[in-house]
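Undergrad: My file is input32.cif. It has mmCIF, C-alpha atoms:
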```cif
data_structure
loop_
_atom_site.label_atom_id
_atom_site.label_comp_id
_atom_site.auth_asym_id
_atom_site.auth_seq_id
_atom_site.Cartn_x
_atom_site.Cartn_y
_atom_site.Cartn_z
CA MET A 1 6.68 -10.82 -0.87
CA GLY A 2 3.12 -11.99 -0.35
CA PRO A 3 1.00 -9.82 -2.70
CA ASP A 4 -2.17 -10.36 -0.65
CA ALA A 5 -0.32 -9.29 2.49
CA GLY A 6 0.94 -6.21 0.66
CA LEU A 7 -2.56 -5.16 -0.36
CA ASP A 8 -3.84 -5.93 3.14
CA ALA A 9 -1.06 -3.81 4.65
CA LEU A 10 -1.97 -0.89 2.39
CA SER A 11 -5.65 -1.18 3.38
CA ARG A 12 -4.65 -1.13 7.07
CA PHE A 13 -2.46 1.91 6.46
CA LEU A 14 -5.36 3.80 4.88
CA ALA A 15 -7.56 2.86 7.85
CA GLY A 16 -4.82 4.18 10.12
CA CYS A 17 -4.78 7.44 8.14
CA ARG A 18 -8.52 7.82 8.65
CA ARG A 19 -8.06 7.31 12.39
CA GLN A 20 -5.36 9.97 12.41
CA LEU A 21 -7.66 12.39 10.60
CA ALA A 22 -10.58 11.63 12.91
CA GLY A 23 -8.37 12.19 15.96
CA ARG A 24 -7.44 15.62 14.63
CA GLY A 25 -11.02 16.51 13.73
CA LEU A 26 -10.10 16.73 10.05
CA PRO A 27 -12.32 15.68 7.13
CA VAL A 28 -11.48 12.62 5.04
CA SER A 29 -11.09 13.26 1.33
CA ASP A 30 -8.86 12.15 -1.52
CA GLN A 31 -6.57 15.04 -0.68
CA SER A 32 -6.38 14.13 3.02
CA TYR A 33 -4.14 11.13 2.48
CA PRO A 34 -0.36 11.48 2.46
CA PRO A 35 1.60 10.46 -0.64
CA HIS A 36 2.25 6.73 -0.36
CA LEU A 37 3.59 3.89 -2.44
CA LEU A 38 3.14 0.12 -2.39
CA VAL A 39 6.23 -1.63 -3.78
CA GLN A 40 5.32 -5.19 -4.72
CA TYR A 41 8.58 -6.87 -5.63
CA ASP A 42 9.72 -10.39 -6.47
CA ILE A 43 11.61 -11.37 -3.30
CA PRO A 44 13.07 -14.88 -2.88
CA ASP A 45 11.51 -16.93 -0.10
CA ARG A 46 12.82 -15.65 3.23
CA THR A 47 12.07 -18.83 5.15
CA ALA A 48 13.95 -20.99 2.65
CA ALA A 49 16.94 -18.65 2.85
CA LEU A 50 17.04 -18.70 6.65
CA LEU A 51 16.48 -22.42 7.10
CA GLY A 52 19.15 -23.29 4.55
CA GLY A 53 19.52 -23.70 0.82
CA GLY A 54 17.34 -20.85 -0.36
CA GLU A 55 18.38 -17.86 -2.43
CA ASP A 56 19.56 -14.80 -0.51
CA PRO A 57 16.73 -12.23 -0.61
CA LEU A 58 18.94 -9.26 0.32
CA PRO A 59 19.72 -8.08 -3.24
CA ALA A 60 16.01 -8.04 -4.13
CA LEU A 61 15.16 -6.31 -0.84
CA VAL A 62 17.74 -3.66 -1.66
CA ASP A 63 16.18 -3.22 -5.11
CA ALA A 64 12.72 -2.82 -3.56
CA CYS A 65 13.97 -0.25 -1.07
CA SER A 66 15.69 1.59 -3.92
CA VAL A 67 12.33 1.94 -5.68
CA ALA A 68 10.85 3.49 -2.52
CA LEU A 69 13.81 5.83 -2.13
CA ALA A 70 13.59 6.90 -5.77
CA ALA A 71 9.96 7.86 -5.09
CA ASP A 72 11.19 10.13 -2.26
CA ALA A 73 9.88 7.89 0.53
CA GLU A 74 10.97 9.07 3.95
CA VAL A 75 9.53 6.19 6.01
CA MET A 76 9.12 2.58 4.93
CA GLY A 77 7.41 -0.46 6.38
CA ILE A 78 8.14 -3.99 5.19
CA ALA A 79 5.01 -6.14 5.00
CA CYS A 80 6.87 -9.33 5.88
CA ASN A 81 8.01 -10.24 9.37
CA THR A 82 10.61 -12.79 8.29
CA ALA A 83 12.28 -10.21 6.03
CA HIS A 84 13.24 -8.28 9.15
CA PHE A 85 16.21 -10.58 9.69
CA TRP A 86 17.77 -8.35 6.99
CA HIS A 87 16.44 -5.13 8.52
CA ASP A 88 19.70 -3.85 10.00
CA ARG A 89 21.61 -4.38 6.75
CA LEU A 90 18.92 -2.50 4.85
CA ALA A 91 18.94 0.32 7.39
CA GLU A 92 22.69 0.66 6.94
CA ARG A 93 22.32 0.90 3.16
CA PHE A 94 19.49 3.46 3.30
CA PRO A 95 20.38 5.89 6.10
CA GLY A 96 18.21 8.62 4.60
CA MET A 97 15.02 6.56 4.82
CA GLU A 98 13.58 5.28 8.10
CA ILE A 99 12.82 1.58 7.78
CA LEU A 100 10.50 0.56 10.59
CA HIS A 101 11.16 -2.69 12.45
CA ILE A 102 7.88 -4.56 12.75
CA ALA A 103 8.88 -6.81 15.68
CA ARG A 104 10.29 -3.96 17.78
CA GLU A 105 7.26 -1.77 17.13
CA THR A 106 4.92 -4.64 17.98
CA ALA A 107 6.83 -5.50 21.16
CA ARG A 108 6.48 -1.88 22.24
CA VAL A 109 2.70 -2.08 21.83
CA VAL A 110 2.56 -5.39 23.69
CA ALA A 111 4.48 -3.89 26.60
CA GLU A 112 2.35 -0.73 26.60
CA ARG A 113 -0.75 -2.90 26.95
CA GLN A 114 0.84 -4.44 30.05
CA VAL A 115 0.79 -7.97 28.67
CA GLY A 116 2.69 -10.30 30.98
CA THR A 117 2.79 -13.44 28.84
CA CYS A 118 2.16 -13.94 25.16
CA ALA A 119 2.60 -16.42 22.34
CA VAL A 120 3.73 -15.54 18.83
CA LEU A 121 2.30 -17.04 15.67
CA ALA A 122 4.83 -16.86 12.84
CA THR A 123 6.81 -18.78 10.26
CA LEU A 124 9.26 -21.43 11.44
CA ALA A 125 12.14 -19.19 10.36
CA THR A 126 10.84 -16.25 12.40
CA HIS A 127 10.63 -18.51 15.44
CA GLU A 128 14.00 -20.19 14.99
CA GLY A 129 15.72 -16.86 14.45
CA GLY A 130 14.22 -15.48 17.67
CA LEU A 131 12.96 -12.29 16.04
CA TYR A 132 10.07 -11.75 18.48
CA ASP A 133 11.66 -13.49 21.44
CA ARG A 134 14.42 -10.87 21.52
CA ALA A 135 12.11 -7.92 21.00
CA LEU A 136 9.55 -9.02 23.61
CA SER A 137 11.88 -10.37 26.30
CA GLY A 138 13.89 -7.15 26.05
CA LEU A 139 10.78 -5.33 27.27
CA GLY A 140 10.02 -7.80 30.04
CA VAL A 141 7.32 -9.80 28.26
CA LYS A 142 7.44 -13.58 28.73
CA VAL A 143 7.02 -15.55 25.50
CA VAL A 144 5.30 -18.94 25.79
CA ALA A 145 6.33 -21.44 23.13
CA GLN A 146 3.77 -23.38 21.14
CA ALA A 147 3.87 -27.15 20.83
CA ASP A 148 6.00 -28.13 17.83
CA ALA A 149 3.04 -29.61 15.97
CA ASP A 150 1.01 -26.41 16.41
CA ARG A 151 3.95 -24.27 15.36
CA ARG A 152 4.27 -26.30 12.17
CA ALA A 153 0.52 -26.03 11.62
CA VAL A 154 0.71 -22.23 11.80
CA HIS A 155 3.59 -22.24 9.33
CA GLU A 156 1.55 -24.41 6.96
CA ALA A 157 -1.46 -22.12 7.35
CA ILE A 158 0.63 -19.06 6.43
CA PHE A 159 1.59 -20.65 3.12
CA MET A 160 -2.03 -21.69 2.55
CA VAL A 161 -2.98 -18.01 2.75
CA LYS A 162 -0.24 -17.17 0.25
CA ALA A 163 -1.82 -19.75 -2.10
CA GLY A 164 -5.32 -18.30 -1.63
CA ARG A 165 -6.57 -21.16 0.57
CA VAL A 166 -7.82 -18.84 3.32
CA ARG A 167 -10.71 -20.95 4.59
CA GLU A 168 -8.47 -23.99 5.09
CA ALA A 169 -5.86 -21.83 6.80
CA ARG A 170 -8.45 -20.37 9.18
CA ALA A 171 -9.54 -23.80 10.40
CA LEU A 172 -5.94 -24.91 10.93
CA LEU A 173 -5.11 -21.72 12.83
CA HIS A 174 -8.09 -21.91 15.17
CA ALA A 175 -7.09 -25.45 16.14
CA ALA A 176 -3.48 -24.40 16.76
CA ILE A 177 -4.46 -21.33 18.78
CA ALA A 178 -7.01 -22.92 21.12
CA PRO A 179 -4.50 -24.56 23.54
CA LEU A 180 -2.59 -21.29 24.05
CA TRP A 181 -5.24 -19.36 25.94
CA ALA A 182 -4.69 -21.41 29.08
CA SER A 183 -1.20 -19.94 29.50
CA VAL A 184 -1.05 -16.52 27.80
CA ASP A 185 -2.65 -13.10 28.10
CA ALA A 186 -2.22 -12.26 24.44
CA ILE A 187 -1.34 -13.77 21.09
CA VAL A 188 0.85 -11.84 18.66
CA LEU A 189 0.20 -12.37 14.97
CA GLY A 190 3.79 -12.23 13.79
CA CYS A 191 3.17 -12.80 10.10
CA THR A 192 1.28 -10.43 7.84
CA GLU A 193 -0.65 -13.29 6.20
CA LEU A 194 -2.24 -14.29 9.50
CA GLY A 195 -4.54 -11.30 9.80
CA ILE A 196 -6.02 -12.19 6.41
CA ALA A 197 -7.20 -15.54 7.76
CA LEU A 198 -8.06 -14.43 11.30
CA ASN A 199 -10.24 -11.64 12.58
CA PRO A 200 -8.22 -10.43 15.59
CA SER A 201 -10.64 -10.03 18.47
CA PRO A 202 -10.80 -10.85 22.19
CA SER A 203 -10.98 -14.59 22.84
CA ASN A 204 -11.24 -16.42 26.15
CA GLY A 205 -10.29 -13.24 28.03
CA GLY A 206 -7.12 -12.74 25.98
CA ILE A 207 -6.30 -10.42 23.11
CA PHE A 208 -4.78 -10.62 19.65
CA ILE A 209 -2.13 -8.06 18.69
CA ASP A 210 -1.58 -8.06 14.95
CA ALA A 211 1.86 -6.87 13.84
CA ALA A 212 0.36 -5.77 10.53
CA ASP A 213 -1.97 -3.39 12.37
CA VAL A 214 0.89 -2.06 14.47
CA LEU A 215 3.03 -1.37 11.42
CA ALA A 216 0.17 0.35 9.62
CA ASP A 217 -0.60 2.55 12.62
CA VAL A 218 3.03 3.59 13.03
CA LEU A 219 3.27 4.44 9.32
CA ALA A 220 0.11 6.54 9.55
CA THR A 221 1.35 8.28 12.70
CA ARG A 222 4.65 9.13 11.00
CA ALA A 223 2.79 10.36 7.92
CA TYR A 224 0.78 12.88 9.92
CA GLY A 225 3.49 13.70 12.43
CA ALA A 226 4.31 17.00 10.72
CA LEU A 227 0.86 18.27 11.69
CA ASP A 228 1.82 18.00 15.36
CA SER A 229 5.01 20.06 15.06
#
```
Show me this structure written as C-alpha cells.

TA:
Amino acid sequence: MGPDAGLDALSRFLAGCRRQLAGRGLPVSDQSYPPHLLVQYDIPDRTAALLGGGEDPLPALVDACSVALAADAEVMGIACNTAHFWHDRLAERFPGMEILHIARETARVVAERQVGTCAVLATLATHEGGLYDRALSGLGVKVVAQADADRRAVHEAIFMVKAGRVREARALLHAAIAPLWASVDAIVLGCTELGIALNPSPSNGGIFIDAADVLADVLATRAYGALDS
C-alpha cells in the first residue's frame, strides 16, 4: 500500500507510544517501546478492484498478514482505509491476531467527541462502498455528503500524495474542504494519505479527526495494555 502512508503511520504509532509512557509517568528510551513491525507489501490497487476491473488484493493482503503473524504480532493495524473492505475476510483467516478496523475505531472516537454531523474525506471506492457511512450512522452520527466534484477532487489529491505531489494535493484539498464547514461539526480524514498533506487542526469552529491518528493511538494503547492489568 502507500509507502509514505506506512511510514507516516509508524511515526504516529511511536508518538502514541510516547503519550502512553508520559501518561504512566515512565521514561522514554529505546527500551521503552514495544516490539513492532512495519510490513510494506506490494498490494494491488484497492480502488481499482472495488470499482471494477482491478486485480483482487486479498491474496497479497493475506501474504502481508502472514508476515506479521510469523513475526508473532498479536495486534495489527492496516494503514489503508480502502483495504478494510477485506477486513472481515482477513479476520476470519487470522483468528489468533487482532486486526483493528480503522473505520469502526474512528467512528467510536467521533461519537465519543459528541460530533453530531461530519463529512468524510476518502477515496471514491471508500465512499461508494459505504465504509464510514455504516460505521458512523450505526453510532448515531449524521454523515453529510460532499458535492461530487469535491469528492473527485479529494480522490485525485490522495493519488497526488501517493505520487509525492504533496503541495499540489494540499491546495486541492483546502478548496474541496472549505464548503463543508457550513454544514458539519467535524471532518474525518478517511484515507491515510490525507494527513500527510493536511495538518489536522481546528478550522472555522470545527475539528478534523484523522483515522490514521486514531489507528495509531489504538495500537499504542493495545501495546501498553498489559501494564494496566

Undergrad: List as JSON, numbers by chain: which residues have an atom within 12 Å of (6.4, -4.6, 12.8), counting all atoms listed in the file?

TA: {"A": [9, 76, 77, 78, 79, 80, 81, 82, 83, 84, 85, 87, 99, 100, 101, 102, 103, 104, 105, 106, 107, 108, 109, 110, 131, 132, 135, 188, 189, 190, 191, 192, 209, 210, 211, 212, 213, 214, 215, 216, 217, 218, 219]}

Undergrad: Which residues of region 59-78 of chain A sit at most 9 Å from region 43-51 of chain A, using all atoms listed in the file? Give each one's shortest atom pair and distance in Å (one decimal place), in chain and ascending residue order, as JSON lines.

TA:
```
{"residue": "A:Pro59", "atom": "CA", "partner": "A:Ile43", "partner_atom": "CA", "distance": 8.8}
{"residue": "A:Ala60", "atom": "CA", "partner": "A:Ile43", "partner_atom": "CA", "distance": 5.6}
{"residue": "A:Leu61", "atom": "CA", "partner": "A:Ile43", "partner_atom": "CA", "distance": 6.7}
{"residue": "A:Ala64", "atom": "CA", "partner": "A:Ile43", "partner_atom": "CA", "distance": 8.6}
```

Undergrad: May I ask which of the residues A:Arg167, A:His127, A:Arg134, A:Arg89 is the closest one to Arg151 (chain A), counting only C-alpha atoms?

TA: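 Answer, going by the shortest atom-to-atom distance: A:His127.
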
Undergrad: Nearest to Pro35 (chain A): which of A:Met97, A:Ala147, A:Ala223, A:Ala176 is it, counting all atoms listed in the file?

TA: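 Closest residue, counting all atoms listed in the file: A:Ala223.
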
Undergrad: Quick check, in Å to one decimal: how far apart do CA of Ala178 (chain A) and CA of Leu136 (chain A) lie?

TA: 21.8 Å

Undergrad: Quick one: everything within 8 Å of Val115 (chain A), counting all atoms listed in the file, minus sequence neighbours fewer than 3 positions away in the same chain. Send it as a PyMOL selection string.

TA: chain A and resi 110-112+118+141+185-186

Undergrad: For Gln20 (chain A), work out the shell of residues within 10 Å, counting all atoms listed in the file and skipping chain neighbours fewer than 6 positions away, then give it as a VMD selection string.

TA: chain A and resid 14 26 28 217 220 to 221 223 to 225

Undergrad: Find the axis-aligned box for region 209-219 of chain A, covering all its listed atoms and adding 3 Å on each side, and write its centre and edge lengths in Å to one decimal as lines of an AutoDock Vina configuration file.

TA:
```
center_x = 0.6
center_y = -1.8
center_z = 14.0
size_x = 11.4
size_y = 18.5
size_z = 15.4
```

Undergrad: Which residues, written as a PDB file with C-alpha atoms, in the coordinates of the input, have at least one atom at most 12 Å from Pro179 (chain A), with only C-alpha atoms counted and residues fewer than 2 positions away on the same chain left out?

TA:
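Saved to out07.pdb:
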```pdb
ATOM      1  CA  ALA A 119       2.600 -16.420  22.340  1.00  0.00           C
ATOM      2  CA  VAL A 144       5.300 -18.940  25.790  1.00  0.00           C
ATOM      3  CA  ALA A 145       6.330 -21.440  23.130  1.00  0.00           C
ATOM      4  CA  GLN A 146       3.770 -23.380  21.140  1.00  0.00           C
ATOM      5  CA  ALA A 147       3.870 -27.150  20.830  1.00  0.00           C
ATOM      6  CA  ALA A 149       3.040 -29.610  15.970  1.00  0.00           C
ATOM      7  CA  ASP A 150       1.010 -26.410  16.410  1.00  0.00           C
ATOM      8  CA  ARG A 151       3.950 -24.270  15.360  1.00  0.00           C
ATOM      9  CA  LEU A 173      -5.110 -21.720  12.830  1.00  0.00           C
ATOM     10  CA  HIS A 174      -8.090 -21.910  15.170  1.00  0.00           C
ATOM     11  CA  ALA A 175      -7.090 -25.450  16.140  1.00  0.00           C
ATOM     12  CA  ALA A 176      -3.480 -24.400  16.760  1.00  0.00           C
ATOM     13  CA  ILE A 177      -4.460 -21.330  18.780  1.00  0.00           C
ATOM     14  CA  TRP A 181      -5.240 -19.360  25.940  1.00  0.00           C
ATOM     15  CA  ALA A 182      -4.690 -21.410  29.080  1.00  0.00           C
ATOM     16  CA  SER A 183      -1.200 -19.940  29.500  1.00  0.00           C
ATOM     17  CA  VAL A 184      -1.050 -16.520  27.800  1.00  0.00           C
ATOM     18  CA  ILE A 187      -1.340 -13.770  21.090  1.00  0.00           C
ATOM     19  CA  SER A 203     -10.980 -14.590  22.840  1.00  0.00           C
ATOM     20  CA  ASN A 204     -11.240 -16.420  26.150  1.00  0.00           C
TER      21      ASN A 204
END
```

Undergrad: Could you check how far CA of Pro57 (chain A) sits from CA of Glu168 (chain A), in Å to one decimal?

TA: 28.4 Å

Undergrad: Name all residues at most 12 Å from Leu7 (chain A) (count only C-alpha atoms; drop same-chain ones fewer than 2 positions away) and give them as an NGL selection string.

TA: :A and (1-5 or 9-14 or 37-40 or 79 or 192-193 or 196 or 212 or 216)

Undergrad: Find, counting all atoms listed in the file, the residue in A:Val166, A:Gly206, A:Asp8, A:Leu194 that gets nearest to Leu180 (chain A).

TA: A:Gly206

Undergrad: Using the atoms already present, construct N, CA and C atoms for region 3-38 of chain A and hand them back as a PDB file, keeping the file's coordinate frame.

TA:
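This is the output file selection_34.pdb:
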```pdb
ATOM      1  N   PRO A   3       1.764 -10.935  -2.133  1.00  0.00           N
ATOM      2  CA  PRO A   3       1.000  -9.820  -2.700  1.00  0.00           C
ATOM      3  C   PRO A   3      -0.296  -9.544  -1.939  1.00  0.00           C
ATOM      4  N   ASP A   4      -0.957 -10.587  -1.442  1.00  0.00           N
ATOM      5  CA  ASP A   4      -2.170 -10.360  -0.650  1.00  0.00           C
ATOM      6  C   ASP A   4      -1.833  -9.616   0.637  1.00  0.00           C
ATOM      7  N   ALA A   5      -0.728  -9.980   1.263  1.00  0.00           N
ATOM      8  CA  ALA A   5      -0.320  -9.290   2.490  1.00  0.00           C
ATOM      9  C   ALA A   5       0.039  -7.836   2.198  1.00  0.00           C
ATOM     10  N   GLY A   6       0.614  -7.581   1.029  1.00  0.00           N
ATOM     11  CA  GLY A   6       0.940  -6.210   0.660  1.00  0.00           C
ATOM     12  C   GLY A   6      -0.313  -5.356   0.510  1.00  0.00           C
ATOM     13  N   LEU A   7      -1.305  -5.890  -0.194  1.00  0.00           N
ATOM     14  CA  LEU A   7      -2.560  -5.160  -0.360  1.00  0.00           C
ATOM     15  C   LEU A   7      -3.264  -4.974   0.983  1.00  0.00           C
ATOM     16  N   ASP A   8      -3.224  -6.013   1.810  1.00  0.00           N
ATOM     17  CA  ASP A   8      -3.840  -5.930   3.140  1.00  0.00           C
ATOM     18  C   ASP A   8      -3.147  -4.867   3.981  1.00  0.00           C
ATOM     19  N   ALA A   9      -1.816  -4.813   3.891  1.00  0.00           N
ATOM     20  CA  ALA A   9      -1.060  -3.810   4.650  1.00  0.00           C
ATOM     21  C   ALA A   9      -1.424  -2.400   4.197  1.00  0.00           C
ATOM     22  N   LEU A  10      -1.594  -2.207   2.894  1.00  0.00           N
ATOM     23  CA  LEU A  10      -1.970  -0.890   2.390  1.00  0.00           C
ATOM     24  C   LEU A  10      -3.367  -0.499   2.882  1.00  0.00           C
ATOM     25  N   SER A  11      -4.300  -1.453   2.881  1.00  0.00           N
ATOM     26  CA  SER A  11      -5.650  -1.180   3.380  1.00  0.00           C
ATOM     27  C   SER A  11      -5.609  -0.783   4.855  1.00  0.00           C
ATOM     28  N   ARG A  12      -4.776  -1.454   5.642  1.00  0.00           N
ATOM     29  CA  ARG A  12      -4.650  -1.130   7.070  1.00  0.00           C
ATOM     30  C   ARG A  12      -4.025   0.258   7.255  1.00  0.00           C
ATOM     31  N   PHE A  13      -3.069   0.589   6.397  1.00  0.00           N
ATOM     32  CA  PHE A  13      -2.460   1.910   6.460  1.00  0.00           C
ATOM     33  C   PHE A  13      -3.496   3.000   6.200  1.00  0.00           C
ATOM     34  N   LEU A  14      -4.338   2.810   5.191  1.00  0.00           N
ATOM     35  CA  LEU A  14      -5.360   3.800   4.880  1.00  0.00           C
ATOM     36  C   LEU A  14      -6.358   3.932   6.032  1.00  0.00           C
ATOM     37  N   ALA A  15      -6.690   2.801   6.667  1.00  0.00           N
ATOM     38  CA  ALA A  15      -7.560   2.860   7.850  1.00  0.00           C
ATOM     39  C   ALA A  15      -6.884   3.637   8.971  1.00  0.00           C
ATOM     40  N   GLY A  16      -5.571   3.424   9.122  1.00  0.00           N
ATOM     41  CA  GLY A  16      -4.820   4.180  10.120  1.00  0.00           C
ATOM     42  C   GLY A  16      -4.804   5.667   9.816  1.00  0.00           C
ATOM     43  N   CYS A  17      -4.722   6.024   8.534  1.00  0.00           N
ATOM     44  CA  CYS A  17      -4.780   7.440   8.140  1.00  0.00           C
ATOM     45  C   CYS A  17      -6.124   8.045   8.521  1.00  0.00           C
ATOM     46  N   ARG A  18      -7.193   7.301   8.299  1.00  0.00           N
ATOM     47  CA  ARG A  18      -8.520   7.820   8.650  1.00  0.00           C
ATOM     48  C   ARG A  18      -8.652   8.018  10.151  1.00  0.00           C
ATOM     49  N   ARG A  19      -8.032   7.119  10.937  1.00  0.00           N
ATOM     50  CA  ARG A  19      -8.060   7.310  12.390  1.00  0.00           C
ATOM     51  C   ARG A  19      -7.273   8.554  12.788  1.00  0.00           C
ATOM     52  N   GLN A  20      -6.144   8.776  12.120  1.00  0.00           N
ATOM     53  CA  GLN A  20      -5.360   9.970  12.410  1.00  0.00           C
ATOM     54  C   GLN A  20      -6.161  11.233  12.094  1.00  0.00           C
ATOM     55  N   LEU A  21      -6.856  11.237  10.986  1.00  0.00           N
ATOM     56  CA  LEU A  21      -7.660  12.390  10.600  1.00  0.00           C
ATOM     57  C   LEU A  21      -8.812  12.605  11.583  1.00  0.00           C
ATOM     58  N   ALA A  22      -9.472  11.519  11.962  1.00  0.00           N
ATOM     59  CA  ALA A  22     -10.580  11.630  12.910  1.00  0.00           C
ATOM     60  C   ALA A  22     -10.094  12.172  14.244  1.00  0.00           C
ATOM     61  N   GLY A  23      -8.923  11.728  14.685  1.00  0.00           N
ATOM     62  CA  GLY A  23      -8.370  12.190  15.960  1.00  0.00           C
ATOM     63  C   GLY A  23      -8.012  13.659  15.946  1.00  0.00           C
ATOM     64  N   ARG A  24      -7.769  14.201  14.758  1.00  0.00           N
ATOM     65  CA  ARG A  24      -7.440  15.620  14.630  1.00  0.00           C
ATOM     66  C   ARG A  24      -8.646  16.461  14.237  1.00  0.00           C
ATOM     67  N   GLY A  25      -9.810  15.795  14.110  1.00  0.00           N
ATOM     68  CA  GLY A  25     -11.020  16.510  13.730  1.00  0.00           C
ATOM     69  C   GLY A  25     -10.983  17.012  12.305  1.00  0.00           C
ATOM     70  N   LEU A  26     -10.250  16.306  11.435  1.00  0.00           N
ATOM     71  CA  LEU A  26     -10.100  16.730  10.050  1.00  0.00           C
ATOM     72  C   LEU A  26     -10.982  15.876   9.136  1.00  0.00           C
ATOM     73  N   PRO A  27     -11.481  16.447   8.050  1.00  0.00           N
ATOM     74  CA  PRO A  27     -12.320  15.680   7.130  1.00  0.00           C
ATOM     75  C   PRO A  27     -11.495  14.686   6.321  1.00  0.00           C
ATOM     76  N   VAL A  28     -12.138  13.623   5.892  1.00  0.00           N
ATOM     77  CA  VAL A  28     -11.480  12.620   5.040  1.00  0.00           C
ATOM     78  C   VAL A  28     -11.869  12.896   3.599  1.00  0.00           C
ATOM     79  N   SER A  29     -10.871  13.061   2.760  1.00  0.00           N
ATOM     80  CA  SER A  29     -11.090  13.260   1.330  1.00  0.00           C
ATOM     81  C   SER A  29      -9.909  12.671   0.582  1.00  0.00           C
ATOM     82  N   ASP A  30      -9.992  12.645  -0.733  1.00  0.00           N
ATOM     83  CA  ASP A  30      -8.860  12.150  -1.520  1.00  0.00           C
ATOM     84  C   ASP A  30      -7.584  12.895  -1.176  1.00  0.00           C
ATOM     85  N   GLN A  31      -7.730  14.197  -0.922  1.00  0.00           N
ATOM     86  CA  GLN A  31      -6.570  15.040  -0.680  1.00  0.00           C
ATOM     87  C   GLN A  31      -6.049  14.949   0.753  1.00  0.00           C
ATOM     88  N   SER A  32      -6.784  14.243   1.619  1.00  0.00           N
ATOM     89  CA  SER A  32      -6.380  14.130   3.020  1.00  0.00           C
ATOM     90  C   SER A  32      -5.259  13.131   3.234  1.00  0.00           C
ATOM     91  N   TYR A  33      -5.107  12.208   2.294  1.00  0.00           N
ATOM     92  CA  TYR A  33      -4.140  11.130   2.480  1.00  0.00           C
ATOM     93  C   TYR A  33      -2.735  11.586   2.099  1.00  0.00           C
ATOM     94  N   PRO A  34      -1.740  11.122   2.813  1.00  0.00           N
ATOM     95  CA  PRO A  34      -0.360  11.480   2.460  1.00  0.00           C
ATOM     96  C   PRO A  34       0.078  10.720   1.209  1.00  0.00           C
ATOM     97  N   PRO A  35       1.050  11.236   0.472  1.00  0.00           N
ATOM     98  CA  PRO A  35       1.600  10.460  -0.640  1.00  0.00           C
ATOM     99  C   PRO A  35       2.136   9.127  -0.124  1.00  0.00           C
ATOM    100  N   HIS A  36       1.808   8.053  -0.811  1.00  0.00           N
ATOM    101  CA  HIS A  36       2.250   6.730  -0.360  1.00  0.00           C
ATOM    102  C   HIS A  36       2.435   5.813  -1.561  1.00  0.00           C
ATOM    103  N   LEU A  37       3.201   4.784  -1.352  1.00  0.00           N
ATOM    104  CA  LEU A  37       3.590   3.890  -2.440  1.00  0.00           C
ATOM    105  C   LEU A  37       3.637   2.461  -1.927  1.00  0.00           C
ATOM    106  N   LEU A  38       3.011   1.542  -2.672  1.00  0.00           N
ATOM    107  CA  LEU A  38       3.140   0.120  -2.390  1.00  0.00           C
ATOM    108  C   LEU A  38       4.121  -0.465  -3.396  1.00  0.00           C
TER     109      LEU A  38
END
```
